[in-house]
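Data block for model.pdb (PDB, C-alpha atoms, pLDDT in the B column):
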ATOM      1  CA  MET X 182       4.359   8.755 -13.918  1.00 57.00           C
ATOM      2  CA  ARG X 183       1.551  10.857 -12.434  1.00 53.00           C
ATOM      3  CA  GLU X 184      -0.164  10.798 -15.838  1.00 51.00           C
ATOM      4  CA  ASN X 185      -0.389   7.009 -15.398  1.00 63.00           C
ATOM      5  CA  SER X 186      -2.363   7.442 -12.179  1.00 68.00           C
ATOM      6  CA  PHE X 187      -5.891   6.116 -11.807  1.00 67.00           C
ATOM      7  CA  THR X 188      -6.733   9.135  -9.588  1.00 63.00           C
ATOM      8  CA  ASP X 189      -6.110  12.885  -9.460  1.00 69.00           C
ATOM      9  CA  LYS X 190      -5.854  15.573  -6.784  1.00 64.00           C
ATOM     10  CA  ALA X 191      -9.597  16.316  -6.869  1.00 69.00           C
ATOM     11  CA  HIS X 192     -10.276  12.634  -6.117  1.00 64.00           C
ATOM     12  CA  TRP X 193      -8.182  12.775  -2.959  1.00 59.00           C
ATOM     13  CA  GLU X 194      -9.499  16.138  -1.790  1.00 66.00           C
ATOM     14  CA  GLU X 195     -13.030  14.709  -1.906  1.00 65.00           C
ATOM     15  CA  TYR X 196     -11.918  11.434  -0.330  1.00 60.00           C
ATOM     16  CA  TRP X 197     -10.323  13.072   2.718  1.00 58.00           C
ATOM     17  CA  GLN X 198     -13.238  15.448   3.231  1.00 64.00           C
ATOM     18  CA  ASN X 199     -15.413  12.387   3.861  1.00 59.00           C
ATOM     19  CA  TYR X 200     -12.905  10.355   5.848  1.00 59.00           C
ATOM     20  CA  PRO X 201     -13.231  10.234   9.670  1.00 59.00           C
ATOM     21  CA  HIS X 202     -10.084  11.325  11.531  1.00 62.00           C
ATOM     22  CA  GLY X 203      -9.744  10.141  15.113  1.00 65.00           C
ATOM     23  CA  GLY X 204      -7.764   8.133  17.615  1.00 71.00           C
ATOM     24  CA  LEU X 205      -5.283   5.446  16.644  1.00 81.00           C
ATOM     25  CA  PRO X 206      -6.152   1.767  17.063  1.00 80.00           C
ATOM     26  CA  GLU X 207      -4.007  -0.317  19.386  1.00 81.00           C
ATOM     27  CA  LYS X 208      -3.358  -2.855  16.624  1.00 87.00           C
ATOM     28  CA  MET X 209      -2.941  -2.510  12.883  1.00 93.00           C
ATOM     29  CA  VAL X 210      -3.455  -5.115  10.205  1.00 95.00           C
ATOM     30  CA  PHE X 211       0.327  -5.109   9.714  1.00 96.00           C
ATOM     31  CA  SER X 212       1.056  -5.661  13.436  1.00 95.00           C
ATOM     32  CA  PRO X 213       2.878  -8.980  12.740  1.00 96.00           C
ATOM     33  CA  PHE X 214       5.635  -6.921  11.059  1.00 97.00           C
ATOM     34  CA  VAL X 215       5.934  -4.283  13.789  1.00 97.00           C
ATOM     35  CA  PRO X 216       8.513  -6.026  16.040  1.00 96.00           C
ATOM     36  CA  GLN X 217      11.180  -5.954  13.324  1.00 96.00           C
ATOM     37  CA  LEU X 218      10.104  -2.620  11.845  1.00 97.00           C
ATOM     38  CA  ARG X 219      10.484  -0.691  15.068  1.00 94.00           C
ATOM     39  CA  GLU X 220      14.202  -1.481  14.998  1.00 94.00           C
ATOM     40  CA  GLY X 221      14.391   1.465  12.568  1.00 97.00           C
ATOM     41  CA  LYS X 222      15.064   5.045  13.589  1.00 97.00           C
ATOM     42  CA  SER X 223      13.447   6.819  10.625  1.00 98.00           C
ATOM     43  CA  PHE X 224      10.129   6.263   8.859  1.00 98.00           C
ATOM     44  CA  ILE X 225       8.466   7.621   5.727  1.00 98.00           C
ATOM     45  CA  GLU X 226       5.047   6.766   4.379  1.00 98.00           C
ATOM     46  CA  ILE X 227       4.439   7.294   0.680  1.00 98.00           C
ATOM     47  CA  GLY X 228       0.947   8.687   0.178  1.00 95.00           C
ATOM     48  CA  GLY X 229       0.901   9.102   3.937  1.00 95.00           C
ATOM     49  CA  PHE X 230      -1.643  11.855   4.560  1.00 94.00           C
ATOM     50  CA  PRO X 231      -3.215  12.326   7.126  1.00 92.00           C
ATOM     51  CA  GLY X 232      -0.394  10.690   9.114  1.00 95.00           C
ATOM     52  CA  SER X 233      -2.105   7.944  11.124  1.00 94.00           C
ATOM     53  CA  HIS X 234       0.574   5.380  10.349  1.00 96.00           C
ATOM     54  CA  ALA X 235       3.372   7.850  11.072  1.00 97.00           C
ATOM     55  CA  ALA X 236       1.742   8.562  14.439  1.00 96.00           C
ATOM     56  CA  PHE X 237       1.464   4.822  15.100  1.00 96.00           C
ATOM     57  CA  PHE X 238       5.165   4.255  14.426  1.00 97.00           C
ATOM     58  CA  TYR X 239       6.075   7.253  16.589  1.00 97.00           C
ATOM     59  CA  ARG X 240       4.253   5.527  19.439  1.00 94.00           C
ATOM     60  CA  GLN X 241       6.294   2.407  18.677  1.00 95.00           C
ATOM     61  CA  GLY X 242       9.473   4.357  19.389  1.00 96.00           C
ATOM     62  CA  VAL X 243      10.435   5.545  15.885  1.00 97.00           C
ATOM     63  CA  ARG X 244      11.012   9.232  16.558  1.00 96.00           C
ATOM     64  CA  ASP X 245      11.782  10.472  13.024  1.00 98.00           C
ATOM     65  CA  VAL X 246       8.499  10.084  11.137  1.00 98.00           C
ATOM     66  CA  SER X 247       7.528  11.699   7.823  1.00 98.00           C
ATOM     67  CA  ILE X 248       4.686  11.566   5.332  1.00 98.00           C
ATOM     68  CA  LEU X 249       5.042  12.262   1.620  1.00 98.00           C
ATOM     69  CA  ASP X 250       1.897  13.091  -0.326  1.00 96.00           C
ATOM     70  CA  PHE X 251       0.869  15.369  -3.163  1.00 91.00           C
ATOM     71  CA  TYR X 252      -2.158  16.441  -1.114  1.00 90.00           C
ATOM     72  CA  ILE X 253      -1.656  17.425   2.538  1.00 93.00           C
ATOM     73  CA  ASP X 254      -3.946  19.489   4.749  1.00 90.00           C
ATOM     74  CA  ARG X 255      -1.678  20.469   7.620  1.00 92.00           C
ATOM     75  CA  LYS X 256      -4.613  21.454   9.845  1.00 90.00           C
ATOM     76  CA  ILE X 257      -5.845  17.853   9.693  1.00 90.00           C
ATOM     77  CA  VAL X 258      -2.345  16.574  10.525  1.00 94.00           C
ATOM     78  CA  GLN X 259      -2.189  18.949  13.494  1.00 93.00           C
ATOM     79  CA  LYS X 260      -5.617  17.782  14.678  1.00 91.00           C
ATOM     80  CA  LEU X 261      -4.478  14.158  14.452  1.00 92.00           C
ATOM     81  CA  GLU X 262      -1.421  14.990  16.571  1.00 94.00           C
ATOM     82  CA  GLU X 263      -3.600  16.742  19.168  1.00 92.00           C
ATOM     83  CA  THR X 264      -6.176  13.933  19.267  1.00 91.00           C
ATOM     84  CA  ASN X 265      -3.474  11.366  19.899  1.00 91.00           C
ATOM     85  CA  ASP X 266      -1.411  13.451  22.385  1.00 92.00           C
ATOM     86  CA  LEU X 267       1.609  13.768  20.129  1.00 95.00           C
ATOM     87  CA  PRO X 268       3.916  16.801  20.342  1.00 96.00           C
ATOM     88  CA  ALA X 269       3.098  19.436  17.737  1.00 96.00           C
ATOM     89  CA  GLY X 270       5.208  18.949  14.624  1.00 96.00           C
ATOM     90  CA  THR X 271       5.898  15.266  15.319  1.00 97.00           C
ATOM     91  CA  ILE X 272       4.777  14.311  11.818  1.00 98.00           C
ATOM     92  CA  GLN X 273       7.048  15.878   9.215  1.00 98.00           C
ATOM     93  CA  CYS X 274       5.024  16.776   6.107  1.00 98.00           C
ATOM     94  CA  ILE X 275       6.494  16.623   2.606  1.00 98.00           C
ATOM     95  CA  GLU X 276       3.928  17.884   0.105  1.00 96.00           C
ATOM     96  CA  SER X 277       5.269  16.692  -3.223  1.00 95.00           C
ATOM     97  CA  ASP X 278       4.573  14.388  -6.127  1.00 94.00           C
ATOM     98  CA  PHE X 279       6.299  11.109  -5.310  1.00 96.00           C
ATOM     99  CA  PHE X 280       7.430  10.714  -8.913  1.00 94.00           C
ATOM    100  CA  THR X 281       9.305  14.034  -9.039  1.00 94.00           C
ATOM    101  CA  PHE X 282      10.402  14.068  -5.384  1.00 95.00           C
ATOM    102  CA  THR X 283      14.155  13.851  -4.745  1.00 96.00           C
ATOM    103  CA  THR X 284      16.093  13.727  -1.487  1.00 97.00           C
ATOM    104  CA  GLU X 285      19.530  12.699  -0.225  1.00 97.00           C
ATOM    105  CA  LYS X 286      17.946  11.250   2.902  1.00 98.00           C
ATOM    106  CA  ARG X 287      17.345   7.514   3.166  1.00 98.00           C
ATOM    107  CA  TYR X 288      14.936   5.869   5.594  1.00 98.00           C
ATOM    108  CA  ASP X 289      15.077   2.785   7.797  1.00 98.00           C
ATOM    109  CA  ILE X 290      11.369   2.126   7.178  1.00 98.00           C
ATOM    110  CA  VAL X 291       9.728   2.863   3.829  1.00 98.00           C
ATOM    111  CA  PHE X 292       6.004   2.218   4.047  1.00 98.00           C
ATOM    112  CA  SER X 293       2.871   2.667   1.985  1.00 98.00           C
ATOM    113  CA  CYS X 294      -0.701   1.543   2.413  1.00 97.00           C
ATOM    114  CA  GLY X 295      -3.242   1.785  -0.377  1.00 95.00           C
ATOM    115  CA  PHE X 296      -0.876   3.589  -2.750  1.00 96.00           C
ATOM    116  CA  ILE X 297       0.753   1.437  -5.410  1.00 98.00           C
ATOM    117  CA  GLU X 298      -2.538   0.102  -6.771  1.00 97.00           C
ATOM    118  CA  HIS X 299      -3.507   3.562  -8.053  1.00 95.00           C
ATOM    119  CA  PHE X 300      -0.833   3.487 -10.789  1.00 96.00           C
ATOM    120  CA  GLU X 301      -0.357   1.525 -13.999  1.00 95.00           C
ATOM    121  CA  ASP X 302       3.359   0.740 -13.710  1.00 96.00           C
ATOM    122  CA  THR X 303       3.484  -1.258 -10.481  1.00 97.00           C
ATOM    123  CA  GLU X 304       7.147  -2.174 -10.900  1.00 97.00           C
ATOM    124  CA  ALA X 305       8.266   1.451 -11.287  1.00 96.00           C
ATOM    125  CA  VAL X 306       6.297   2.508  -8.196  1.00 97.00           C
ATOM    126  CA  ILE X 307       7.821  -0.263  -6.092  1.00 98.00           C
ATOM    127  CA  GLN X 308      11.331   0.514  -7.336  1.00 98.00           C
ATOM    128  CA  ARG X 309      10.907   4.144  -6.251  1.00 97.00           C
ATOM    129  CA  HIS X 310      10.010   2.886  -2.761  1.00 98.00           C
ATOM    130  CA  VAL X 311      13.177   0.756  -2.759  1.00 98.00           C
ATOM    131  CA  GLY X 312      15.260   3.773  -3.759  1.00 98.00           C
ATOM    132  CA  LEU X 313      14.432   5.495  -0.458  1.00 98.00           C
ATOM    133  CA  LEU X 314      15.747   2.655   1.726  1.00 98.00           C
ATOM    134  CA  SER X 315      18.766   3.163   3.960  1.00 98.00           C
ATOM    135  CA  ASP X 316      21.518   0.546   4.195  1.00 97.00           C
ATOM    136  CA  ARG X 317      19.560  -1.094   7.022  1.00 96.00           C
ATOM    137  CA  GLY X 318      16.186  -0.280   5.495  1.00 98.00           C
ATOM    138  CA  GLN X 319      12.983  -2.304   5.609  1.00 98.00           C
ATOM    139  CA  LEU X 320      10.130  -2.054   3.116  1.00 98.00           C
ATOM    140  CA  LEU X 321       6.471  -2.691   3.893  1.00 98.00           C
ATOM    141  CA  ILE X 322       3.778  -2.115   1.277  1.00 98.00           C
ATOM    142  CA  LEU X 323       0.097  -2.850   1.876  1.00 98.00           C
ATOM    143  CA  LEU X 324      -2.572  -2.847  -0.790  1.00 98.00           C
ATOM    144  CA  PRO X 325      -6.172  -4.033  -0.893  1.00 98.00           C
ATOM    145  CA  ASN X 326      -7.146  -7.336  -2.452  1.00 98.00           C
ATOM    146  CA  PHE X 327      -9.961  -6.619  -4.915  1.00 98.00           C
ATOM    147  CA  LEU X 328      -9.550  -9.881  -6.824  1.00 98.00           C
ATOM    148  CA  GLY X 329     -11.934 -11.733  -4.507  1.00 97.00           C
ATOM    149  CA  LEU X 330     -15.188 -11.017  -2.694  1.00 97.00           C
ATOM    150  CA  ASN X 331     -14.274  -7.453  -1.761  1.00 97.00           C
ATOM    151  CA  GLY X 332     -13.741  -6.622  -5.418  1.00 97.00           C
ATOM    152  CA  LYS X 333     -17.236  -7.900  -6.181  1.00 97.00           C
ATOM    153  CA  VAL X 334     -18.623  -5.682  -3.409  1.00 96.00           C
ATOM    154  CA  GLN X 335     -16.889  -2.667  -4.966  1.00 96.00           C
ATOM    155  CA  GLN X 336     -18.200  -3.617  -8.412  1.00 97.00           C
ATOM    156  CA  TRP X 337     -21.788  -3.963  -7.166  1.00 95.00           C
ATOM    157  CA  PHE X 338     -21.955  -0.944  -4.870  1.00 95.00           C
ATOM    158  CA  ASP X 339     -19.144   1.511  -5.749  1.00 94.00           C
ATOM    159  CA  LYS X 340     -17.860   0.950  -9.278  1.00 95.00           C
ATOM    160  CA  PRO X 341     -16.068   4.348  -9.416  1.00 93.00           C
ATOM    161  CA  ASN X 342     -13.930   3.269  -6.458  1.00 94.00           C
ATOM    162  CA  LEU X 343     -13.068  -0.021  -8.148  1.00 96.00           C
ATOM    163  CA  ASP X 344     -12.118   1.870 -11.310  1.00 95.00           C
ATOM    164  CA  ALA X 345      -9.639   3.963  -9.291  1.00 93.00           C
ATOM    165  CA  HIS X 346      -7.546   0.821  -8.709  1.00 96.00           C
ATOM    166  CA  ASN X 347      -5.185  -1.138 -10.934  1.00 97.00           C
ATOM    167  CA  LEU X 348      -6.370  -4.714 -10.373  1.00 97.00           C
ATOM    168  CA  ALA X 349      -3.268  -6.119 -12.080  1.00 97.00           C
ATOM    169  CA  SER X 350      -1.196  -4.747  -9.192  1.00 98.00           C
ATOM    170  CA  MET X 351      -2.960  -7.202  -6.867  1.00 98.00           C
ATOM    171  CA  ASP X 352      -1.710 -10.358  -8.572  1.00 98.00           C
ATOM    172  CA  ILE X 353       0.578 -12.066  -6.070  1.00 98.00           C
ATOM    173  CA  PRO X 354       2.709 -14.080  -8.564  1.00 98.00           C
ATOM    174  CA  ARG X 355       3.346 -10.846 -10.482  1.00 98.00           C
ATOM    175  CA  LEU X 356       4.291  -8.997  -7.297  1.00 98.00           C
ATOM    176  CA  LYS X 357       6.696 -11.757  -6.322  1.00 98.00           C
ATOM    177  CA  GLY X 358       8.341 -11.472  -9.732  1.00 98.00           C
ATOM    178  CA  ILE X 359       8.748  -7.716  -9.319  1.00 98.00           C
ATOM    179  CA  MET X 360      10.217  -8.098  -5.844  1.00 98.00           C
ATOM    180  CA  ARG X 361      12.781 -10.630  -7.042  1.00 98.00           C
ATOM    181  CA  GLN X 362      14.177  -7.888  -9.299  1.00 97.00           C
ATOM    182  CA  THR X 363      14.771  -5.445  -6.422  1.00 98.00           C
ATOM    183  CA  GLY X 364      17.840  -7.136  -4.955  1.00 96.00           C
ATOM    184  CA  LEU X 365      16.260  -7.100  -1.485  1.00 98.00           C
ATOM    185  CA  ARG X 366      16.251 -10.083   0.876  1.00 98.00           C
ATOM    186  CA  GLU X 367      13.764 -11.781   3.233  1.00 98.00           C
ATOM    187  CA  ILE X 368      11.044 -11.086   0.661  1.00 98.00           C
ATOM    188  CA  SER X 369       7.485 -11.940   1.645  1.00 98.00           C
ATOM    189  CA  VAL X 370       4.381 -11.351  -0.493  1.00 98.00           C
ATOM    190  CA  ASP X 371       1.178 -12.751   0.972  1.00 98.00           C
ATOM    191  CA  TYR X 372      -2.424 -12.109   1.937  1.00 98.00           C
ATOM    192  CA  ILE X 373      -2.970 -10.554   5.347  1.00 97.00           C
ATOM    193  CA  GLY X 374      -5.868  -9.688   7.637  1.00 96.00           C
ATOM    194  CA  LYS X 375      -9.055 -11.358   8.797  1.00 94.00           C
ATOM    195  CA  PRO X 376     -11.804 -11.678   6.154  1.00 96.00           C
ATOM    196  CA  MET X 377     -13.425  -8.293   5.605  1.00 95.00           C
ATOM    197  CA  VAL X 378     -15.263  -6.218   3.004  1.00 96.00           C
ATOM    198  CA  TRP X 379     -15.947  -2.477   3.056  1.00 93.00           C
ATOM    199  CA  LEU X 380     -17.238   0.584   1.266  1.00 94.00           C
ATOM    200  CA  GLU X 381     -15.525   3.957   1.395  1.00 89.00           C
ATOM    201  CA  PRO X 382     -17.203   6.538   3.700  1.00 85.00           C
ATOM    202  CA  LYS X 383     -18.727   8.616   0.903  1.00 86.00           C
ATOM    203  CA  PRO X 384     -22.166  10.242   1.345  1.00 86.00           C
ATOM    204  CA  GLU X 385     -23.637   8.170  -1.488  1.00 90.00           C
ATOM    205  CA  ASN X 386     -22.539   4.980   0.296  1.00 90.00           C
ATOM    206  CA  ARG X 387     -24.154   5.816   3.638  1.00 89.00           C
ATOM    207  CA  GLY X 388     -27.153   3.505   3.278  1.00 90.00           C
ATOM    208  CA  LYS X 389     -25.224   0.701   1.595  1.00 92.00           C
ATOM    209  CA  ARG X 390     -22.409   0.599   4.166  1.00 91.00           C
ATOM    210  CA  ARG X 391     -24.695  -0.852   6.838  1.00 91.00           C
ATOM    211  CA  TRP X 392     -25.413  -3.950   4.751  1.00 93.00           C
ATOM    212  CA  VAL X 393     -21.804  -4.334   3.705  1.00 93.00           C
ATOM    213  CA  LYS X 394     -20.745  -4.187   7.375  1.00 93.00           C
ATOM    214  CA  LEU X 395     -23.188  -7.001   8.162  1.00 95.00           C
ATOM    215  CA  LEU X 396     -21.655  -9.072   5.372  1.00 94.00           C
ATOM    216  CA  SER X 397     -18.204  -8.286   6.738  1.00 95.00           C
ATOM    217  CA  TYR X 398     -19.185  -9.520  10.208  1.00 94.00           C
ATOM    218  CA  ALA X 399     -20.595 -12.710   8.693  1.00 95.00           C
ATOM    219  CA  ILE X 400     -17.495 -13.666   6.717  1.00 95.00           C
ATOM    220  CA  LYS X 401     -15.285 -13.247   9.795  1.00 91.00           C
ATOM    221  CA  LEU X 402     -16.761 -16.603  10.825  1.00 91.00           C
ATOM    222  CA  PHE X 403     -14.679 -18.138   8.016  1.00 90.00           C
ATOM    223  CA  PRO X 404     -11.071 -17.155   8.871  1.00 89.00           C
ATOM    224  CA  VAL X 405      -9.554 -18.564   5.702  1.00 91.00           C
ATOM    225  CA  LYS X 406      -6.540 -16.757   4.241  1.00 94.00           C
ATOM    226  CA  GLY X 407      -6.560 -16.515   0.472  1.00 96.00           C
ATOM    227  CA  LYS X 408      -7.547 -14.659  -2.650  1.00 97.00           C
ATOM    228  CA  PHE X 409     -11.306 -14.891  -2.121  1.00 97.00           C
ATOM    229  CA  LEU X 410     -11.680 -13.519   1.432  1.00 97.00           C
ATOM    230  CA  SER X 411      -8.425 -11.866   2.563  1.00 97.00           C
ATOM    231  CA  PRO X 412      -8.761  -8.066   2.547  1.00 97.00           C
ATOM    232  CA  TYR X 413      -5.124  -7.031   2.028  1.00 98.00           C
ATOM    233  CA  ILE X 414      -1.801  -8.010   0.501  1.00 98.00           C
ATOM    234  CA  ALA X 415       1.442  -7.291   2.355  1.00 98.00           C
ATOM    235  CA  ILE X 416       4.832  -6.957   0.672  1.00 98.00           C
ATOM    236  CA  TYR X 417       7.821  -7.054   3.029  1.00 98.00           C
ATOM    237  CA  ALA X 418      11.557  -7.057   2.326  1.00 98.00           C
ATOM    238  CA  ARG X 419      14.777  -5.648   3.742  1.00 98.00           C
ATOM    239  CA  LYS X 420      18.227  -4.660   2.553  1.00 96.00           C
TER     240      LYS X 420
END
Represent the structure contained in this file as structure tokens.
Amino acid sequence: MRENSFTDKAHWEEYWQNYPHGGLPEKMVFSPFVPQLREGKSFIEIGGFPGSHAAFFYRQGVRDVSILDFYIDRKIVQKLEETNDLPAGTIQCIESDFFTFTTEKRYDIVFSCGFIEHFEDTEAVIQRHVGLLSDRGQLLILLPNFLGLNGKVQQWFDKPNLDAHNLASMDIPRLKGIMRQTGLREISVDYIGKPMVWLEPKPENRGKRRWVKLLSYAIKLFPVKGKFLSPYIAIYARK
């Protein structure tokens, strides 16, 4: 499956070198799902480096938190723990390719954010998420919506970033069809988040990001949920 990826390890090494690592926000875009998710006792994020979401769920009372990624810099994870006053070793690190990774353990919360859209076979990636769920497990998958205005911003200002994403994975009717095949219940597939556009924090985007931020502030005046302006898609289901 890794050969069907739109990215490679060098892509992510460069990406994380440019990414700012700091304190956790009080709210996340997926906060509407948090009340039911924190019922779980164990959490794993697929593609979870550097561990911000694991740290967030730890603060929500989920004490067994893990990240699985094929690129992990443990010094950065340790710095994130220190910055956010978490005990050393809170975030369990599993450095492995998701598509060859095997474990007997099952998790109450299986989460990913910005992961599934980097692969061609969306259904296979989602099914591997489902395979890690415990008997009481809940699934939450977030991915960007590049089929509207934000996709145009990427096309105009950062085409290589757009090319690193499988746009077909962002089609909501298709995602609903895939989820119906999982056997899970309480399935929800919908747009989420206030209108927003962005550019990745790469050196070559430094000058352009200012103008894109201004555009992002402007479109927040039009809080309409839908394909054109919503920044993310959320997939939720439970066993």
Discussion item. Ranking X:Leu218, X:Ala345, X:Met377, X:Val246 by minimum distance to Leu395 of chain X and counting only C-alpha atoms, which one comes first?
Written reply: X:Met377
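Using only C-alpha atoms, every residue with an atom at most 7 Å from the point (-11.0, -2.3, -5.5) is listed here: Pro325, Phe327, Gly332, Gln335, Asn342, Leu343 and His346 of chain X.
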Fill in: Evaluate the PyMOL selection byres ((chain X and resi 266-273) around 9) and report residues as number ranges by chain
X: 232, 235-236, 239-240, 244-249, 258-259, 261-265, 274-275
Would you save the residues from that selection as a CSV table (one decimal), in the coordinates of the input, using C-alpha atoms?
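Result written to again_14.csv:
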chain,number,residue,atom,x,y,z
X,232,GLY,CA,-0.4,10.7,9.1
X,235,ALA,CA,3.4,7.8,11.1
X,236,ALA,CA,1.7,8.6,14.4
X,239,TYR,CA,6.1,7.3,16.6
X,240,ARG,CA,4.3,5.5,19.4
X,244,ARG,CA,11.0,9.2,16.6
X,245,ASP,CA,11.8,10.5,13.0
X,246,VAL,CA,8.5,10.1,11.1
X,247,SER,CA,7.5,11.7,7.8
X,248,ILE,CA,4.7,11.6,5.3
X,249,LEU,CA,5.0,12.3,1.6
X,258,VAL,CA,-2.3,16.6,10.5
X,259,GLN,CA,-2.2,18.9,13.5
X,261,LEU,CA,-4.5,14.2,14.5
X,262,GLU,CA,-1.4,15.0,16.6
X,263,GLU,CA,-3.6,16.7,19.2
X,264,THR,CA,-6.2,13.9,19.3
X,265,ASN,CA,-3.5,11.4,19.9
X,274,CYS,CA,5.0,16.8,6.1
X,275,ILE,CA,6.5,16.6,2.6
Practice prompt. Please write as a PyMOL selection string the full residue list that the PyMOL selection byres ((chain X and resi 311) around 12) yields on this file.
Written response: chain X and resi 225+227+287-293+304-310+312-322+359-360+362-366+416-420
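Here the question is which of X:Leu348, X:Glu301, X:Phe338, X:Pro354 gets nearest to Val378 of chain X using only C-alpha atoms, and that residue is X:Phe338.
Running the PyMOL selection byres ((chain X and resi 350) around 10) on this file leaves X:Ile297, X:Glu298, X:His299, X:Phe300, X:Glu301, X:Asp302, X:Thr303, X:Glu304, X:Leu324, X:Pro325, X:Asn326, X:Phe327, X:His346, X:Asn347, X:Leu348, X:Ala349, X:Met351, X:Asp352, X:Ile353, X:Arg355, X:Leu356 selected.
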Kindly save the residues from that selection, with C-alpha atoms included, as a PDB file, in the frame of the given file.
ATOM      1  CA  ILE X 297       0.753   1.437  -5.410  1.00 98.00           C
ATOM      2  CA  GLU X 298      -2.538   0.102  -6.771  1.00 97.00           C
ATOM      3  CA  HIS X 299      -3.507   3.562  -8.053  1.00 95.00           C
ATOM      4  CA  PHE X 300      -0.833   3.487 -10.789  1.00 96.00           C
ATOM      5  CA  GLU X 301      -0.357   1.525 -13.999  1.00 95.00           C
ATOM      6  CA  ASP X 302       3.359   0.740 -13.710  1.00 96.00           C
ATOM      7  CA  THR X 303       3.484  -1.258 -10.481  1.00 97.00           C
ATOM      8  CA  GLU X 304       7.147  -2.174 -10.900  1.00 97.00           C
ATOM      9  CA  LEU X 324      -2.572  -2.847  -0.790  1.00 98.00           C
ATOM     10  CA  PRO X 325      -6.172  -4.033  -0.893  1.00 98.00           C
ATOM     11  CA  ASN X 326      -7.146  -7.336  -2.452  1.00 98.00           C
ATOM     12  CA  PHE X 327      -9.961  -6.619  -4.915  1.00 98.00           C
ATOM     13  CA  HIS X 346      -7.546   0.821  -8.709  1.00 96.00           C
ATOM     14  CA  ASN X 347      -5.185  -1.138 -10.934  1.00 97.00           C
ATOM     15  CA  LEU X 348      -6.370  -4.714 -10.373  1.00 97.00           C
ATOM     16  CA  ALA X 349      -3.268  -6.119 -12.080  1.00 97.00           C
ATOM     17  CA  MET X 351      -2.960  -7.202  -6.867  1.00 98.00           C
ATOM     18  CA  ASP X 352      -1.710 -10.358  -8.572  1.00 98.00           C
ATOM     19  CA  ILE X 353       0.578 -12.066  -6.070  1.00 98.00           C
ATOM     20  CA  ARG X 355       3.346 -10.846 -10.482  1.00 98.00           C
ATOM     21  CA  LEU X 356       4.291  -8.997  -7.297  1.00 98.00           C
TER      22      LEU X 356
END
Item to complete: Fewer than 5 positions away in the same chain doesn't count, so skip those; otherwise give me all residues within 8 Å of segment 386-391 of chain X, counting all atoms listed in the file, as an MDAnalysis selection string.
Response: chainID X and resid 338:339 379:381
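For the set X:Asp278, X:Glu220, X:Asp344, X:Glu385, the residue with the smallest atom-to-atom gap to Gly242 of chain X is X:Glu220, counting all atoms listed in the file.
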Worksheet entry | Selection: 8 Å around segment 207-213 of chain X, all atoms listed in the file, excl. self and same-chain fewer than 4 positions, as a PyMOL selection string | chain X and resi 373-374+415
Item to complete: Would you mind reading off the distance between atom CA of Val243 of chain X and atom CA of Lys357 of chain X, one decimal, in Å?
Response: 28.4 Å
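With all atoms listed in the file as the atoms that count, the residue of X:Lys256, X:Ile414, X:Phe230, X:Phe280 with the shortest distance to Ser369 of chain X is X:Ile414.
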Worksheet item: Between atom CA of Gly229 of chain X and atom CA of Ile253 of chain X, what is the spacing in Å?
Response: 8.8 Å
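Atom CA of Ser397 of chain X to atom CA of Tyr372 of chain X spans 16.9 Å [interatomic distance, one decimal].
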Response to the item:
One residue among X:Ser277, X:Leu323, X:Phe282, X:Trp337 is nearest to Cys294 of chain X when using all atoms listed in the file, and that residue is X:Leu323
